file entry25.tsv (TSV, C-alpha atoms and all ligand atoms)
chain	number	residue	atom	x	y	z
A	1	ASP	CA	0.00	0.00	0.00
A	2	ALA	CA	1.23	3.51	-0.80
A	3	CYS	CA	1.88	5.73	2.24
A	4	PRO	CA	-0.45	8.70	2.74
A	5	PRO	CA	0.58	12.07	1.19
A	6	ILE	CA	2.86	14.43	3.11
A	7	LEU	CA	1.44	17.34	5.12
A	8	ALA	CA	3.89	20.30	5.21
A	9	ILE	CA	3.39	23.09	7.77
A	10	ASP	CA	5.65	26.13	7.73
A	11	GLY	CA	5.48	29.36	9.70
A	12	PRO	CA	7.22	31.70	12.13
A	13	ALA	CA	7.76	31.20	15.88
A	14	GLY	CA	4.56	31.01	17.90
A	15	ALA	CA	2.26	30.53	14.91
A	16	GLY	CA	1.07	27.25	16.43
A	17	LYS	CA	2.99	24.82	14.19
A	18	SER	CA	4.03	22.37	16.92
A	19	THR	CA	0.64	22.05	18.55
A	20	VAL	CA	-1.27	21.93	15.27
A	21	THR	CA	1.05	19.57	13.42
A	22	ARG	CA	1.23	17.13	16.34
A	23	GLN	CA	-2.54	16.94	16.70
A	24	ALA	CA	-3.21	16.77	12.96
A	25	ALA	CA	-0.60	13.99	12.60
A	26	ALA	CA	-2.26	11.99	15.38
A	27	ALA	CA	-5.72	12.42	13.82
A	28	LEU	CA	-4.57	11.57	10.27
A	29	GLY	CA	-2.24	8.70	11.19
A	30	LEU	CA	0.91	10.49	9.99
A	31	LEU	CA	4.38	10.52	11.56
A	32	TYR	CA	5.01	13.87	13.28
A	33	LEU	CA	8.32	15.50	12.35
A	34	ASP	CA	9.53	18.63	14.21
A	35	THR	CA	12.43	19.91	12.09
A	36	GLY	CA	12.92	22.94	14.38
A	37	ALA	CA	13.81	20.47	17.14
A	38	MET	CA	16.59	19.11	14.89
A	39	TYR	CA	18.14	22.58	14.40
A	40	ARG	CA	17.79	23.15	18.15
A	41	ALA	CA	19.43	19.77	18.91
A	42	ALA	CA	22.33	20.55	16.57
A	43	THR	CA	22.74	23.97	18.23
A	44	TRP	CA	22.68	22.46	21.72
A	45	TRP	CA	25.30	19.89	20.73
A	46	LEU	CA	27.61	22.53	19.22
A	47	MET	CA	27.27	24.83	22.25
A	48	THR	CA	27.87	21.96	24.68
A	49	ALA	CA	30.99	20.97	22.72
A	50	LYS	CA	32.04	24.65	22.79
A	51	VAL	CA	32.42	24.74	19.03
A	52	ASN	CA	32.79	28.24	17.57
A	53	LEU	CA	29.40	28.74	15.86
A	54	GLY	CA	31.01	31.16	13.41
A	55	ASP	CA	33.40	28.50	12.09
A	56	PRO	CA	31.49	26.67	9.31
A	57	ILE	CA	34.10	23.92	8.94
A	58	ALA	CA	34.17	23.01	12.63
A	59	VAL	CA	30.36	23.26	12.74
A	60	ALA	CA	29.89	20.95	9.74
A	61	GLU	CA	32.39	18.40	11.06
A	62	THR	CA	30.73	18.27	14.48
A	63	ILE	CA	27.20	18.07	13.06
A	64	SER	CA	28.09	15.22	10.73
A	65	GLN	CA	28.86	13.13	13.85
A	66	CYS	CA	25.44	13.77	15.41
A	67	ARG	CA	22.68	11.21	15.54
A	68	ILE	CA	19.35	12.88	16.32
A	69	GLU	CA	16.46	10.60	17.28
A	70	PHE	CA	12.80	11.18	18.09
A	71	VAL	CA	11.12	8.81	20.53
A	72	PRO	CA	7.31	8.97	20.36
A	73	GLN	CA	5.45	9.12	23.67
A	74	SER	CA	2.81	6.53	24.57
A	75	GLN	CA	0.02	9.13	24.52
A	76	PRO	CA	-0.70	10.26	20.96
A	77	GLY	CA	-0.45	14.02	20.54
A	78	LEU	CA	2.29	14.34	23.20
A	79	ALA	CA	5.56	15.83	21.93
A	80	PRO	CA	8.13	13.10	21.19
A	81	LYS	CA	11.33	13.03	23.25
A	82	VAL	CA	14.47	14.24	21.48
A	83	PHE	CA	17.80	12.41	21.83
A	84	ILE	CA	21.21	13.26	20.45
A	85	ASN	CA	23.87	10.56	20.47
A	86	GLY	CA	21.77	8.73	23.08
A	87	GLN	CA	21.30	11.68	25.45
A	88	ASP	CA	17.80	12.97	26.29
A	89	ILE	CA	17.80	16.70	25.44
A	90	THR	CA	14.02	17.23	25.16
A	91	GLN	CA	14.06	20.03	27.76
A	92	ALA	CA	17.55	21.37	27.09
A	93	ILE	CA	16.84	22.37	23.48
A	94	ARG	CA	14.14	24.84	24.64
A	95	ALA	CA	16.61	26.82	26.80
A	96	PRO	CA	16.82	30.55	25.95
A	97	ALA	CA	20.53	30.23	25.10
A	98	VAL	CA	19.71	27.66	22.40
A	99	THR	CA	16.85	29.79	21.06
A	100	ALA	CA	19.22	32.78	20.87
A	101	HIS	CA	21.76	30.91	18.70
A	102	VAL	CA	19.69	28.52	16.61
A	103	SER	CA	19.19	30.90	13.65
A	104	GLN	CA	22.95	31.36	13.31
A	105	VAL	CA	23.46	27.59	13.10
A	106	ALA	CA	20.45	27.06	10.82
A	107	ALA	CA	21.81	29.63	8.34
A	108	GLN	CA	24.80	27.41	7.50
A	109	PRO	CA	24.35	25.44	4.27
A	110	ALA	CA	26.38	22.45	5.53
A	111	VAL	CA	24.12	22.10	8.57
A	112	ARG	CA	20.97	22.37	6.47
A	113	LYS	CA	22.18	19.80	3.93
A	114	ILE	CA	22.87	17.21	6.66
A	115	LEU	CA	19.57	17.76	8.50
A	116	VAL	CA	17.42	18.02	5.36
A	117	LYS	CA	18.84	14.68	4.14
A	118	GLN	CA	17.77	13.05	7.45
A	119	GLN	CA	14.32	14.65	7.16
A	120	GLN	CA	13.87	13.43	3.58
A	121	LEU	CA	14.88	9.91	4.61
A	122	LEU	CA	12.12	9.90	7.24
A	123	GLY	CA	9.58	10.98	4.62
A	124	GLN	CA	10.87	9.02	1.63
A	125	ASN	CA	7.70	6.91	1.50
A	126	GLY	CA	5.33	9.72	2.48
A	127	GLY	CA	3.18	9.44	5.59
A	128	VAL	CA	4.66	12.37	7.53
A	129	ALA	CA	3.36	15.65	8.89
A	130	ALA	CA	6.40	17.91	9.03
A	131	GLU	CA	6.71	21.42	10.46
A	132	GLY	CA	9.45	23.99	10.03
A	133	ARG	CA	10.52	26.91	7.85
A	134	ASP	CA	11.46	25.25	4.53
A	135	ILE	CA	9.30	22.12	4.41
A	136	GLY	CA	7.14	23.19	1.46
A	137	THR	CA	10.01	24.91	-0.39
A	138	HIS	CA	12.99	22.55	0.13
A	139	VAL	CA	12.44	19.46	2.27
A	140	PHE	CA	9.24	18.13	0.69
A	141	PRO	CA	8.43	20.32	-2.35
A	142	GLN	CA	6.25	17.40	-3.54
A	143	ALA	CA	4.10	17.49	-0.36
A	144	GLY	CA	0.43	16.82	-1.05
A	145	LEU	CA	-0.82	19.63	1.20
A	146	LYS	CA	1.19	22.71	2.22
A	147	ILE	CA	0.04	25.09	4.94
A	148	PHE	CA	1.61	28.43	5.81
A	149	LEU	CA	0.56	29.13	9.39
A	150	THR	CA	1.02	32.65	10.64
A	151	ALA	CA	-0.15	35.39	13.02
A	152	SER	CA	0.95	38.91	13.90
A	153	VAL	CA	4.18	39.16	15.89
A	154	GLU	CA	2.23	40.74	18.77
A	155	GLU	CA	-0.10	37.73	18.97
A	156	ARG	CA	2.75	35.23	18.65
A	157	ALA	CA	4.77	36.93	21.40
A	158	LYS	CA	1.70	36.98	23.65
A	159	ARG	CA	1.21	33.23	23.15
A	160	ARG	CA	4.84	32.46	24.00
A	161	TRP	CA	4.66	34.74	27.02
A	162	GLN	CA	1.51	33.02	28.29
A	163	GLU	CA	3.22	29.63	27.86
A	164	LEU	CA	6.21	30.81	29.90
A	165	GLN	CA	3.94	32.21	32.61
A	166	ALA	CA	2.08	28.89	32.79
A	167	GLN	CA	5.43	27.11	33.19
A	168	GLY	CA	6.28	29.41	36.12
A	169	ASN	CA	8.84	31.38	34.11
A	170	PRO	CA	7.83	35.01	34.68
A	171	ASP	CA	11.29	36.60	34.22
A	172	ILE	CA	11.08	37.68	30.58
A	173	SER	CA	8.98	40.67	29.56
A	174	LEU	CA	6.48	40.56	26.72
A	175	ALA	CA	8.39	43.36	24.93
A	176	GLN	CA	11.68	41.45	25.13
A	177	LEU	CA	10.04	38.25	23.86
A	178	GLN	CA	8.53	40.15	20.92
A	179	ALA	CA	11.91	41.71	20.07
A	180	ASP	CA	13.60	38.27	20.20
A	181	ILE	CA	10.97	36.70	17.95
A	182	SER	CA	11.16	39.56	15.42
A	183	GLN	CA	14.93	39.23	15.27
A	184	ARG	CA	14.74	35.46	14.70
A	185	ASP	CA	12.03	35.88	12.00
A	186	TYR	CA	14.26	38.41	10.25
A	187	ALA	CA	17.38	36.22	10.41
A	188	ASP	CA	15.47	33.18	9.11
A	189	GLN	CA	13.90	35.17	6.24
A	190	HIS	CA	17.14	36.83	5.16
A	191	ARG	CA	19.70	34.02	5.25
A	192	ALA	CA	21.26	33.40	1.83
A	193	TYR	CA	20.68	29.65	1.69
A	194	ALA	CA	17.12	28.23	1.84
A	195	PRO	CA	15.54	31.31	3.44
A	196	PHE	CA	12.25	31.01	5.28
A	197	ARG	CA	9.35	31.89	2.97
A	198	PRO	CA	5.96	30.49	2.01
A	199	ALA	CA	5.84	27.98	-0.83
A	200	PRO	CA	3.90	29.47	-3.76
A	201	ASP	CA	1.37	26.63	-3.53
A	202	ALA	CA	0.86	26.82	0.25
A	203	ILE	CA	-2.53	27.67	1.78
A	204	GLU	CA	-2.08	30.55	4.21
A	205	ILE	CA	-3.93	30.47	7.52
A	206	VAL	CA	-3.76	33.61	9.68
A	207	THR	CA	-4.53	32.50	13.21
A	208	ASP	CA	-4.79	35.73	15.27
A	209	GLN	CA	-8.55	35.40	15.66
A	210	LEU	CA	-8.72	31.57	15.65
A	211	SER	CA	-8.66	29.07	18.50
A	212	ILE	CA	-6.07	26.33	18.30
A	213	GLU	CA	-8.89	23.75	18.02
A	214	ALA	CA	-10.35	25.60	15.01
A	215	VAL	CA	-6.96	25.62	13.24
A	216	ILE	CA	-6.42	21.90	13.86
A	217	ALA	CA	-9.94	21.07	12.61
A	218	GLU	CA	-9.46	23.18	9.46
A	219	ILE	CA	-6.17	21.52	8.52
A	220	ILE	CA	-7.56	18.03	9.10
A	221	ARG	CA	-10.57	18.97	6.96
A	222	LEU	CA	-8.38	20.33	4.12
A	223	TYR	CA	-6.32	17.12	4.11
A	224	GLN	CA	-9.38	14.85	4.19
A	225	VAL	CA	-11.10	16.74	1.38
A	226	ARG	CA	-8.03	16.86	-0.84
A	227	PHE	CA	-7.20	13.17	-0.50
A	228	SER	CA	-10.73	11.81	0.00
A	229	VAL	CA	-9.80	10.16	3.30
A	230	PRO	CA	-12.61	9.45	5.76
B	301	LIG	O1	9.32	26.67	18.10
B	301	LIG	P1	9.88	27.88	17.46
B	301	LIG	O2	8.95	28.42	16.44
B	301	LIG	O3	10.42	28.87	18.41
B	301	LIG	O4	11.15	27.49	16.61
B	301	LIG	P2	11.49	26.09	15.96
B	301	LIG	O5	10.44	25.65	15.04
B	301	LIG	O6	11.88	25.17	17.08
B	301	LIG	O7	12.77	26.49	15.10
B	301	LIG	C1	13.91	27.05	15.70
B	301	LIG	C2	14.78	27.66	14.63
B	301	LIG	O8	15.30	26.62	13.80
B	301	LIG	C3	14.14	28.64	13.67
B	301	LIG	O9	14.10	29.97	14.19
B	301	LIG	C4	15.05	28.53	12.44
B	301	LIG	O10	16.22	29.31	12.60
B	301	LIG	C5	15.46	27.07	12.46
B	301	LIG	N1	14.68	26.23	11.54
B	301	LIG	C6	15.00	26.25	10.21
B	301	LIG	O11	15.88	27.02	9.81
B	301	LIG	N2	14.38	25.42	9.34
B	301	LIG	C7	13.42	24.59	9.75
B	301	LIG	N3	12.84	23.77	8.88
B	301	LIG	C8	13.03	24.57	11.11
B	301	LIG	C9	13.67	25.43	11.99
B	302	LIG	O1	5.49	25.72	16.94
B	302	LIG	P1	5.17	27.18	16.96
B	302	LIG	O2	6.31	27.99	17.49
B	302	LIG	O3	4.67	27.69	15.66
B	302	LIG	O4	3.97	27.38	17.99
B	302	LIG	P2	3.63	26.52	19.29
B	302	LIG	O5	4.89	26.10	19.97
B	302	LIG	O6	2.68	25.44	18.92
B	302	LIG	O7	2.99	27.56	20.28
B	302	LIG	C1	1.85	28.29	20.01
B	302	LIG	C2	1.09	28.59	21.30
B	302	LIG	O8	-0.01	29.42	21.00
B	302	LIG	C3	0.51	27.35	21.96
B	302	LIG	O9	0.48	27.54	23.37
B	302	LIG	C4	-0.91	27.30	21.44
B	302	LIG	O10	-1.82	26.68	22.28
B	302	LIG	C5	-1.26	28.77	21.28
B	302	LIG	N1	-2.23	29.06	20.21
B	302	LIG	C6	-1.99	28.72	18.90
B	302	LIG	O11	-0.94	28.14	18.61
B	302	LIG	N2	-2.87	28.96	17.88
B	302	LIG	C7	-4.02	29.57	18.15
B	302	LIG	N3	-4.86	29.82	17.16
B	302	LIG	C8	-4.28	29.96	19.47
B	302	LIG	C9	-3.36	29.69	20.47
call {"tool": "encode", "arguments": {"input": "entry25.tsv", "output": "structure tokens", "more": "lines below"}}
Ligand code: CDP
Ligand code: CDP
result
Amino acid sequence: DACPPILAIDGPAGAGKSTVTRQAAAALGLLYLDTGAMYRAATWWLMTAKVNLGDPIAVAETISQCRIEFVPQSQPGLAPKVFINGQDITQAIRAPAVTAHVSQVAAQPAVRKILVKQQQLLGQNGGVAAEGRDIGTHVFPQAGLKIFLTASVEERAKRRWQELQAQGNPDISLAQLQADISQRDYADQHRAYAPFRPAPDAIEIVTDQLSIEAVIAEIIRLYQVRFSVP
């Protein structure tokens, strides 16, 4: 039997990609792939090894020795655990220091080539729901359904801030979070190699005024209609 078509979801930080892609994957029976977690894992590994992030040769050499693995959790819809060379770094890759450096690492062509190859291997027979910045443009240009998920930077910063508050992390101000997100959006959109932009054939969903449940339901509906799945 042929594997189901690929669902590609791209968008900026805080657009809702992780939550939406995870839930849609669970509902549609697709493998959830968080490519942002791979760039974060690579960044964590490089920082832990104290590699100079501005040295593309040292960066490429170190990354080529990395084995990133996702371990699904028993409950569907829960974020998979992330391992690098056998070490559980699920929490560590969300640290502010990693977030602050990930765009610099992700801008390097050698890093992208290695990680994109691993992503394409996971989706070589279809059947994945992948989220990131270049899924519809570079990783899976043949994806059956491409979504560009977005919201205003104010709304996205507010969502991140509320998440941090809920986790008991009240230190960062909303203004600082918004500045950090804007800076990362800009860096991702303006890198020379594989910049972050919508695929021409992506369906854009602006989520400022939508609940997360409404977004998930809409994407599931679009996929079911397009591929006549029940
Ligand atoms: O969760 P959040 O939106 O904060 O970011 P993420 O999806 O975990 O991605 C972190 C960073 O990885 C992005 O800001 C990009 O620099 C990079 N990234 C990328 O370049 N290409 C992808 N396909 C996914 C992430
Ligand atoms: O992965 P990405 O950075 O795009 O977003 P996320 O990590 O899924 O975080 C988005 C946050 O905003 C989550 O707490 C969602 O529950 C919330 N949210 C949303 O994503 N979309 C809405 N329409 C409303 C709320």
call {"tool": "residues_near_point", "arguments": {"input": "entry25.tsv", "point": "(-0.7, 13.2, 7.5)", "cutoff": "8 Å", "atoms": "all atoms listed in the file", "output": "ChimeraX atom specification"}}
result
/A:4-7,24-25,28-31,127-129,223
call {"tool": "write_last_selection", "arguments": {"input": "entry25.tsv", "atoms": "C-alpha atoms", "output": "PDB file, keeping the file's coordinate frame"}}
result
ATOM      1  CA  PRO A   4      -0.450   8.700   2.740  1.00  0.00           C
ATOM      2  CA  PRO A   5       0.580  12.070   1.190  1.00  0.00           C
ATOM      3  CA  ILE A   6       2.860  14.430   3.110  1.00  0.00           C
ATOM      4  CA  LEU A   7       1.440  17.340   5.120  1.00  0.00           C
ATOM      5  CA  ALA A  24      -3.210  16.770  12.960  1.00  0.00           C
ATOM      6  CA  ALA A  25      -0.600  13.990  12.600  1.00  0.00           C
ATOM      7  CA  LEU A  28      -4.570  11.570  10.270  1.00  0.00           C
ATOM      8  CA  GLY A  29      -2.240   8.700  11.190  1.00  0.00           C
ATOM      9  CA  LEU A  30       0.910  10.490   9.990  1.00  0.00           C
ATOM     10  CA  LEU A  31       4.380  10.520  11.560  1.00  0.00           C
ATOM     11  CA  GLY A 127       3.180   9.440   5.590  1.00  0.00           C
ATOM     12  CA  VAL A 128       4.660  12.370   7.530  1.00  0.00           C
ATOM     13  CA  ALA A 129       3.360  15.650   8.890  1.00  0.00           C
ATOM     14  CA  TYR A 223      -6.320  17.120   4.110  1.00  0.00           C
TER      15      TYR A 223
END
call {"tool": "residues_around", "arguments": {"input": "entry25.tsv", "residues": "A:Gln118", "least_positions_apart": "2", "cutoff": "10 Å", "atoms": "all atoms listed in the file", "output": "list in words"}}
result
Thr35, Met38, Arg67, Ile68, Arg112, Lys113, Ile114, Leu115, Val116, Gln120, Leu121, Leu122, Gly123, Gln124 and Val139 of chain A
call {"tool": "residues_near_ligand", "arguments": {"input": "entry25.tsv", "ligand": "ligand LIG 301 (chain B)", "cutoff": "6 Å", "atoms": "all atoms listed in the file", "output": "PyMOL selection string"}}
result
chain A and resi 12-14+35-37+39+102-103+106+132-135+184+188
call {"tool": "closest_atom_pairs", "arguments": {"input": "entry25.tsv", "of": "chain A", "to": "ligand LIG 302 (chain B)", "cutoff": "8 Å", "atoms": "only C-alpha atoms and all ligand atoms", "output": "JSON lines"}}
result
{"residue": "A:Gly11", "atom": "CA", "partner": "B:LIG302", "partner_atom": "O3", "distance": 6.2}
{"residue": "A:Pro12", "atom": "CA", "partner": "B:LIG302", "partner_atom": "O3", "distance": 5.9}
{"residue": "A:Ala13", "atom": "CA", "partner": "B:LIG302", "partner_atom": "O2", "distance": 3.9}
{"residue": "A:Gly14", "atom": "CA", "partner": "B:LIG302", "partner_atom": "O2", "distance": 3.5}
{"residue": "A:Ala15", "atom": "CA", "partner": "B:LIG302", "partner_atom": "O3", "distance": 3.8}
{"residue": "A:Gly16", "atom": "CA", "partner": "B:LIG302", "partner_atom": "O11", "distance": 3.1}
{"residue": "A:Lys17", "atom": "CA", "partner": "B:LIG302", "partner_atom": "O3", "distance": 3.6}
{"residue": "A:Ser18", "atom": "CA", "partner": "B:LIG302", "partner_atom": "O1", "distance": 3.7}
{"residue": "A:Thr19", "atom": "CA", "partner": "B:LIG302", "partner_atom": "O6", "distance": 4.0}
{"residue": "A:Val20", "atom": "CA", "partner": "B:LIG302", "partner_atom": "O6", "distance": 6.4}
{"residue": "A:Glu131", "atom": "CA", "partner": "B:LIG302", "partner_atom": "O1", "distance": 7.9}
{"residue": "A:Leu149", "atom": "CA", "partner": "B:LIG302", "partner_atom": "O3", "distance": 7.6}
{"residue": "A:Thr150", "atom": "CA", "partner": "B:LIG302", "partner_atom": "O3", "distance": 7.9}
{"residue": "A:Arg156", "atom": "CA", "partner": "B:LIG302", "partner_atom": "O8", "distance": 6.8}
{"residue": "A:Arg159", "atom": "CA", "partner": "B:LIG302", "partner_atom": "O8", "distance": 4.5}
{"residue": "A:Arg160", "atom": "CA", "partner": "B:LIG302", "partner_atom": "C2", "distance": 6.0}
{"residue": "A:Gln162", "atom": "CA", "partner": "B:LIG302", "partner_atom": "O9", "distance": 7.4}
{"residue": "A:Glu163", "atom": "CA", "partner": "B:LIG302", "partner_atom": "O9", "distance": 5.7}
{"residue": "A:Thr207", "atom": "CA", "partner": "B:LIG302", "partner_atom": "N3", "distance": 4.8}
{"residue": "A:Asp208", "atom": "CA", "partner": "B:LIG302", "partner_atom": "N3", "distance": 6.2}
{"residue": "A:Gln209", "atom": "CA", "partner": "B:LIG302", "partner_atom": "N3", "distance": 6.9}
{"residue": "A:Leu210", "atom": "CA", "partner": "B:LIG302", "partner_atom": "N3", "distance": 4.5}
{"residue": "A:Ser211", "atom": "CA", "partner": "B:LIG302", "partner_atom": "N3", "distance": 4.1}
{"residue": "A:Ile212", "atom": "CA", "partner": "B:LIG302", "partner_atom": "C7", "distance": 3.8}
{"residue": "A:Glu213", "atom": "CA", "partner": "B:LIG302", "partner_atom": "N3", "distance": 7.3}
{"residue": "A:Ala214", "atom": "CA", "partner": "B:LIG302", "partner_atom": "N3", "distance": 7.3}
{"residue": "A:Val215", "atom": "CA", "partner": "B:LIG302", "partner_atom": "N3", "distance": 6.1}
call {"tool": "atom_distance", "arguments": {"input": "entry25.tsv", "atom1": "atom CA of A:Val111", "atom2": "atom CA of A:Ala60"}}
result
6.0 Å
call {"tool": "closest_residue", "arguments": {"input": "entry25.tsv", "among": "A:Ser182, A:Phe148, A:Ala157, A:Leu177", "to": "A:Glu204", "atoms": "all atoms listed in the file"}}
result
A:Phe148
call {"tool": "closest_residue", "arguments": {"input": "entry25.tsv", "among": "A:Val59, A:Val206, A:Ala79, A:Ala130", "to": "A:Gln108", "atoms": "only C-alpha atoms"}}
result
A:Val59
call {"tool": "closest_residue", "arguments": {"input": "entry25.tsv", "among": "A:Ala58, A:Leu33, A:Ala26, A:Val71", "to": "A:Gln87", "atoms": "only C-alpha atoms"}}
result
A:Val71
call {"tool": "atom_distance", "arguments": {"input": "entry25.tsv", "atom1": "atom CA of A:Arg221", "atom2": "atom CA of A:Ala2"}}
result
20.9 Å
call {"tool": "atom_distance", "arguments": {"input": "entry25.tsv", "atom1": "atom CA of A:Trp44", "atom2": "atom CA of A:Gln183"}}
result
19.6 Å
call {"tool": "closest_residue", "arguments": {"input": "entry25.tsv", "among": "A:Thr21, A:Gln91, A:Thr99, A:Thr62", "to": "A:Lys50", "atoms": "only C-alpha atoms"}}
result
A:Thr62
call {"tool": "closest_residue", "arguments": {"input": "entry25.tsv", "among": "A:Ala95, A:Ser64, A:Gln73, A:Phe83", "to": "A:Met47", "atoms": "all atoms listed in the file"}}
result
A:Ala95
call {"tool": "decode", "arguments": {"input": "entry25.tsv", "residues": "stretch 12-58 of chain A", "atoms": "C-alpha atoms", "output": "compact mmCIF listing (two decimals), in the first residue's frame"}}
result
# COMPACT_ATOMS: atom_id res chain seq x y z
CA PRO A 12 7.22 31.70 12.13
CA ALA A 13 7.76 31.20 15.88
CA GLY A 14 4.56 31.01 17.90
CA ALA A 15 2.26 30.53 14.91
CA GLY A 16 1.07 27.25 16.43
CA LYS A 17 2.99 24.82 14.19
CA SER A 18 4.03 22.37 16.92
CA THR A 19 0.64 22.05 18.55
CA VAL A 20 -1.27 21.93 15.27
CA THR A 21 1.05 19.57 13.42
CA ARG A 22 1.23 17.13 16.34
CA GLN A 23 -2.54 16.94 16.70
CA ALA A 24 -3.21 16.77 12.96
CA ALA A 25 -0.60 13.99 12.60
CA ALA A 26 -2.26 11.99 15.38
CA ALA A 27 -5.72 12.42 13.82
CA LEU A 28 -4.57 11.57 10.27
CA GLY A 29 -2.24 8.70 11.19
CA LEU A 30 0.91 10.49 9.99
CA LEU A 31 4.38 10.52 11.56
CA TYR A 32 5.01 13.87 13.28
CA LEU A 33 8.32 15.50 12.35
CA ASP A 34 9.53 18.63 14.21
CA THR A 35 12.43 19.91 12.09
CA GLY A 36 12.92 22.94 14.38
CA ALA A 37 13.81 20.47 17.14
CA MET A 38 16.59 19.11 14.89
CA TYR A 39 18.14 22.58 14.40
CA ARG A 40 17.79 23.15 18.15
CA ALA A 41 19.43 19.77 18.91
CA ALA A 42 22.33 20.55 16.57
CA THR A 43 22.74 23.97 18.23
CA TRP A 44 22.68 22.46 21.72
CA TRP A 45 25.30 19.89 20.73
CA LEU A 46 27.61 22.53 19.22
CA MET A 47 27.27 24.83 22.25
CA THR A 48 27.87 21.96 24.68
CA ALA A 49 30.99 20.97 22.72
CA LYS A 50 32.04 24.65 22.79
CA VAL A 51 32.42 24.74 19.03
CA ASN A 52 32.79 28.24 17.57
CA LEU A 53 29.40 28.74 15.86
CA GLY A 54 31.01 31.16 13.41
CA ASP A 55 33.40 28.50 12.09
CA PRO A 56 31.49 26.67 9.31
CA ILE A 57 34.10 23.92 8.94
CA ALA A 58 34.17 23.01 12.63
